[in-house]
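J.: Pasting in a structure now, in structure tokens, and then I'll have a few things to ask.
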Amino acid sequence: MKALINALYDLGPDADRALLLTANRRLAAYVRRQLPRMLMKDGQSALALPTIQTFDEWIEASWNRELLACRVPAYAVLNDRQDLWFWERAVSASATGDTLLSKSGAAQLAKQAYALLCDWQLAIDDHDL
């Protein structure tokens, strides 16, 4: 946290234009709570604070801003629940969908497997699966 405060000192009055990205909501909330306290301890209560967002919040806000400015095509970005709903439909419509004990469990696993394929930049057609 001390390194963050030093970085804010370096930014000076422009600190309120800075963006601090965190990995999750819990960390963002912690930084939002602790940063003003740490600054007050340092005697710098008037220092401007950066915008603090999770990476996912920033991506969504950036997408919406670009969408509203008509700089990106109007595709929908699905949240996790919506994405899983489509996976459940695909599993249910598959040839083995009726034989599964847990369609939602299979959909979750398919979703995770597809995410791994994307993360590793693999194409399903490139392998004998």
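How things are named: the first chain in the structure tokens is A, the next is B, and so on; residues count from 1 in each chain; ligands count from 1 in the order shown.
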Residues near A:Gly97, anyone? I mean within 10 Å using only C-alpha atoms, not counting same-chain ones fewer than 5 positions away, as a ChimeraX atom specification.
T.: /A:88-92,102-103,106-107
J.: Could you please take those selected residues and save all heavy atoms as a compact mmCIF listing (two decimals), in the first residue's frame?
T.:
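Dumped everything to out26.txt:
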# COMPACT_ATOMS: atom_id res chain seq x y z
N GLU A 88 -26.14 -24.42 -21.22
CA GLU A 88 -27.16 -25.40 -20.81
C GLU A 88 -28.07 -25.76 -21.98
O GLU A 88 -28.44 -26.92 -22.16
CB GLU A 88 -27.96 -24.87 -19.63
CG GLU A 88 -27.17 -24.87 -18.34
CD GLU A 88 -27.90 -24.19 -17.19
OE1 GLU A 88 -28.96 -23.56 -17.41
OE2 GLU A 88 -27.38 -24.27 -16.05
N ARG A 89 -28.43 -24.79 -22.78
CA ARG A 89 -29.26 -25.06 -23.97
C ARG A 89 -28.51 -25.96 -24.95
O ARG A 89 -29.09 -26.88 -25.54
CB ARG A 89 -29.65 -23.76 -24.66
CG ARG A 89 -30.73 -23.01 -23.89
CD ARG A 89 -31.30 -21.88 -24.69
NE ARG A 89 -31.92 -22.38 -25.92
CZ ARG A 89 -32.29 -21.62 -26.92
NH1 ARG A 89 -32.10 -20.32 -26.86
NH2 ARG A 89 -32.84 -22.11 -27.99
N ALA A 90 -27.22 -25.69 -25.15
CA ALA A 90 -26.43 -26.50 -26.07
C ALA A 90 -26.30 -27.94 -25.57
O ALA A 90 -26.44 -28.89 -26.35
CB ALA A 90 -25.04 -25.88 -26.25
N VAL A 91 -26.09 -28.11 -24.28
CA VAL A 91 -25.98 -29.45 -23.70
C VAL A 91 -27.31 -30.18 -23.83
O VAL A 91 -27.37 -31.36 -24.22
CB VAL A 91 -25.51 -29.39 -22.23
CG1 VAL A 91 -25.72 -30.72 -21.52
CG2 VAL A 91 -24.05 -28.97 -22.17
N SER A 92 -28.41 -29.51 -23.54
CA SER A 92 -29.73 -30.12 -23.63
C SER A 92 -30.06 -30.55 -25.06
O SER A 92 -30.71 -31.57 -25.28
CB SER A 92 -30.81 -29.15 -23.14
OG SER A 92 -30.66 -28.92 -21.76
N SER A 102 -26.82 -34.53 -14.74
CA SER A 102 -26.83 -33.11 -14.42
C SER A 102 -26.47 -32.30 -15.65
O SER A 102 -25.29 -32.13 -15.98
CB SER A 102 -25.82 -32.82 -13.29
OG SER A 102 -25.72 -31.43 -13.08
N LYS A 103 -27.49 -31.78 -16.30
CA LYS A 103 -27.24 -30.96 -17.49
C LYS A 103 -26.53 -29.66 -17.12
O LYS A 103 -25.65 -29.21 -17.85
CB LYS A 103 -28.56 -30.66 -18.20
CG LYS A 103 -29.17 -31.87 -18.85
CD LYS A 103 -30.49 -31.54 -19.50
CE LYS A 103 -31.17 -32.82 -19.96
NZ LYS A 103 -32.51 -32.58 -20.43
N ALA A 106 -22.87 -30.48 -16.54
CA ALA A 106 -22.20 -30.70 -17.82
C ALA A 106 -21.98 -29.38 -18.55
O ALA A 106 -20.93 -29.16 -19.17
CB ALA A 106 -23.01 -31.66 -18.68
N ALA A 107 -22.96 -28.48 -18.47
CA ALA A 107 -22.83 -27.18 -19.11
C ALA A 107 -21.70 -26.37 -18.47
O ALA A 107 -20.91 -25.73 -19.17
CB ALA A 107 -24.15 -26.41 -19.01
J.: Taking only chain A into account, list the residues labelled strand (DSSP E or B) by DSSP (computed from the backbone), as an NGL selection string.
T.: :A and (19-22 or 51-54)
J.: Could you give me, as a ChimeraX atom specification, each residue of chain A that DSSP assigns to alpha helix (DSSP H) when run on this structure's backbone?
T.: /A:2-11,25-41,55-68,80-93,103-119
J.: Given the selection you just returned, output its residues as a file containing C-alpha atoms, formatted as a PDB file, in the first residue's frame.
T.:
ATOM      1  CA  LYS A   2       2.921   2.324   0.685  1.00  0.00           C
ATOM      2  CA  ALA A   3       4.091   1.977  -2.930  1.00  0.00           C
ATOM      3  CA  LEU A   4       0.615   3.015  -4.095  1.00  0.00           C
ATOM      4  CA  ILE A   5       0.682   6.098  -1.883  1.00  0.00           C
ATOM      5  CA  ASN A   6       4.137   7.023  -3.218  1.00  0.00           C
ATOM      6  CA  ALA A   7       2.800   6.675  -6.768  1.00  0.00           C
ATOM      7  CA  LEU A   8      -0.105   8.987  -5.894  1.00  0.00           C
ATOM      8  CA  TYR A   9       2.352  11.554  -4.515  1.00  0.00           C
ATOM      9  CA  ASP A  10       4.241  11.362  -7.811  1.00  0.00           C
ATOM     10  CA  LEU A  11       1.020  12.016  -9.734  1.00  0.00           C
ATOM     11  CA  ARG A  25     -14.355  -6.596  -5.848  1.00  0.00           C
ATOM     12  CA  ARG A  26     -13.064  -7.531  -2.445  1.00  0.00           C
ATOM     13  CA  LEU A  27      -9.645  -6.028  -3.144  1.00  0.00           C
ATOM     14  CA  ALA A  28     -11.196  -2.919  -4.714  1.00  0.00           C
ATOM     15  CA  ALA A  29     -13.347  -2.396  -1.609  1.00  0.00           C
ATOM     16  CA  TYR A  30     -10.338  -2.910   0.648  1.00  0.00           C
ATOM     17  CA  VAL A  31      -8.263  -0.344  -1.262  1.00  0.00           C
ATOM     18  CA  ARG A  32     -11.182   2.137  -1.263  1.00  0.00           C
ATOM     19  CA  ARG A  33     -11.400   1.785   2.530  1.00  0.00           C
ATOM     20  CA  GLN A  34      -7.701   1.733   3.347  1.00  0.00           C
ATOM     21  CA  LEU A  35      -6.285   4.297   0.948  1.00  0.00           C
ATOM     22  CA  PRO A  36      -7.906   7.365   2.567  1.00  0.00           C
ATOM     23  CA  ARG A  37      -6.909   6.051   6.009  1.00  0.00           C
ATOM     24  CA  MET A  38      -3.304   5.583   4.927  1.00  0.00           C
ATOM     25  CA  LEU A  39      -3.218   9.062   3.385  1.00  0.00           C
ATOM     26  CA  MET A  40      -4.613  10.610   6.555  1.00  0.00           C
ATOM     27  CA  LYS A  41      -1.941   8.825   8.600  1.00  0.00           C
ATOM     28  CA  PHE A  55     -10.621  -5.341 -14.152  1.00  0.00           C
ATOM     29  CA  ASP A  56     -14.056  -6.722 -15.099  1.00  0.00           C
ATOM     30  CA  GLU A  57     -15.772  -3.434 -14.166  1.00  0.00           C
ATOM     31  CA  TRP A  58     -13.268  -1.505 -16.255  1.00  0.00           C
ATOM     32  CA  ILE A  59     -13.730  -3.777 -19.285  1.00  0.00           C
ATOM     33  CA  GLU A  60     -17.517  -3.464 -19.037  1.00  0.00           C
ATOM     34  CA  ALA A  61     -17.401   0.328 -18.599  1.00  0.00           C
ATOM     35  CA  SER A  62     -14.947   0.679 -21.490  1.00  0.00           C
ATOM     36  CA  TRP A  63     -17.124  -1.497 -23.723  1.00  0.00           C
ATOM     37  CA  ASN A  64     -20.249   0.502 -22.846  1.00  0.00           C
ATOM     38  CA  ARG A  65     -18.480   3.811 -23.449  1.00  0.00           C
ATOM     39  CA  GLU A  66     -17.258   2.662 -26.866  1.00  0.00           C
ATOM     40  CA  LEU A  67     -20.670   1.201 -27.678  1.00  0.00           C
ATOM     41  CA  LEU A  68     -22.463   4.450 -26.818  1.00  0.00           C
ATOM     42  CA  ASP A  80     -21.675 -15.462 -16.414  1.00  0.00           C
ATOM     43  CA  ARG A  81     -25.294 -16.442 -15.764  1.00  0.00           C
ATOM     44  CA  GLN A  82     -26.374 -15.626 -19.323  1.00  0.00           C
ATOM     45  CA  ASP A  83     -23.369 -17.451 -20.769  1.00  0.00           C
ATOM     46  CA  LEU A  84     -24.138 -20.537 -18.696  1.00  0.00           C
ATOM     47  CA  TRP A  85     -27.771 -20.456 -19.900  1.00  0.00           C
ATOM     48  CA  PHE A  86     -26.571 -20.789 -23.513  1.00  0.00           C
ATOM     49  CA  TRP A  87     -24.249 -23.642 -22.539  1.00  0.00           C
ATOM     50  CA  GLU A  88     -27.158 -25.402 -20.813  1.00  0.00           C
ATOM     51  CA  ARG A  89     -29.256 -25.064 -23.970  1.00  0.00           C
ATOM     52  CA  ALA A  90     -26.427 -26.499 -26.071  1.00  0.00           C
ATOM     53  CA  VAL A  91     -25.983 -29.455 -23.703  1.00  0.00           C
ATOM     54  CA  SER A  92     -29.732 -30.123 -23.631  1.00  0.00           C
ATOM     55  CA  ALA A  93     -29.893 -30.058 -27.434  1.00  0.00           C
ATOM     56  CA  LYS A 103     -27.241 -30.960 -17.492  1.00  0.00           C
ATOM     57  CA  SER A 104     -26.244 -27.843 -15.588  1.00  0.00           C
ATOM     58  CA  GLY A 105     -23.097 -29.581 -14.311  1.00  0.00           C
ATOM     59  CA  ALA A 106     -22.197 -30.703 -17.819  1.00  0.00           C
ATOM     60  CA  ALA A 107     -22.832 -27.176 -19.110  1.00  0.00           C
ATOM     61  CA  GLN A 108     -20.541 -25.732 -16.451  1.00  0.00           C
ATOM     62  CA  LEU A 109     -17.788 -28.205 -17.375  1.00  0.00           C
ATOM     63  CA  ALA A 110     -18.235 -27.482 -21.091  1.00  0.00           C
ATOM     64  CA  LYS A 111     -18.008 -23.768 -20.402  1.00  0.00           C
ATOM     65  CA  GLN A 112     -14.799 -24.239 -18.393  1.00  0.00           C
ATOM     66  CA  ALA A 113     -13.305 -26.507 -21.058  1.00  0.00           C
ATOM     67  CA  TYR A 114     -14.073 -23.978 -23.774  1.00  0.00           C
ATOM     68  CA  ALA A 115     -12.501 -21.195 -21.682  1.00  0.00           C
ATOM     69  CA  LEU A 116      -9.336 -23.292 -21.383  1.00  0.00           C
ATOM     70  CA  LEU A 117      -9.273 -23.848 -25.143  1.00  0.00           C
ATOM     71  CA  CYS A 118      -9.542 -20.093 -25.650  1.00  0.00           C
ATOM     72  CA  ASP A 119      -6.922 -19.307 -22.992  1.00  0.00           C
TER      73      ASP A 119
END
J.: Which distance in Å separates atom CA of A:Ala95 and atom CA of A:Val77, to one decimal?
T.: 28.1 Å
J.: What is the atom CA of A:Thr22-atom CA of A:Leu78 distance in Å, reported with one decimal?
T.: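 Distance between the two atoms: 21.0 Å.
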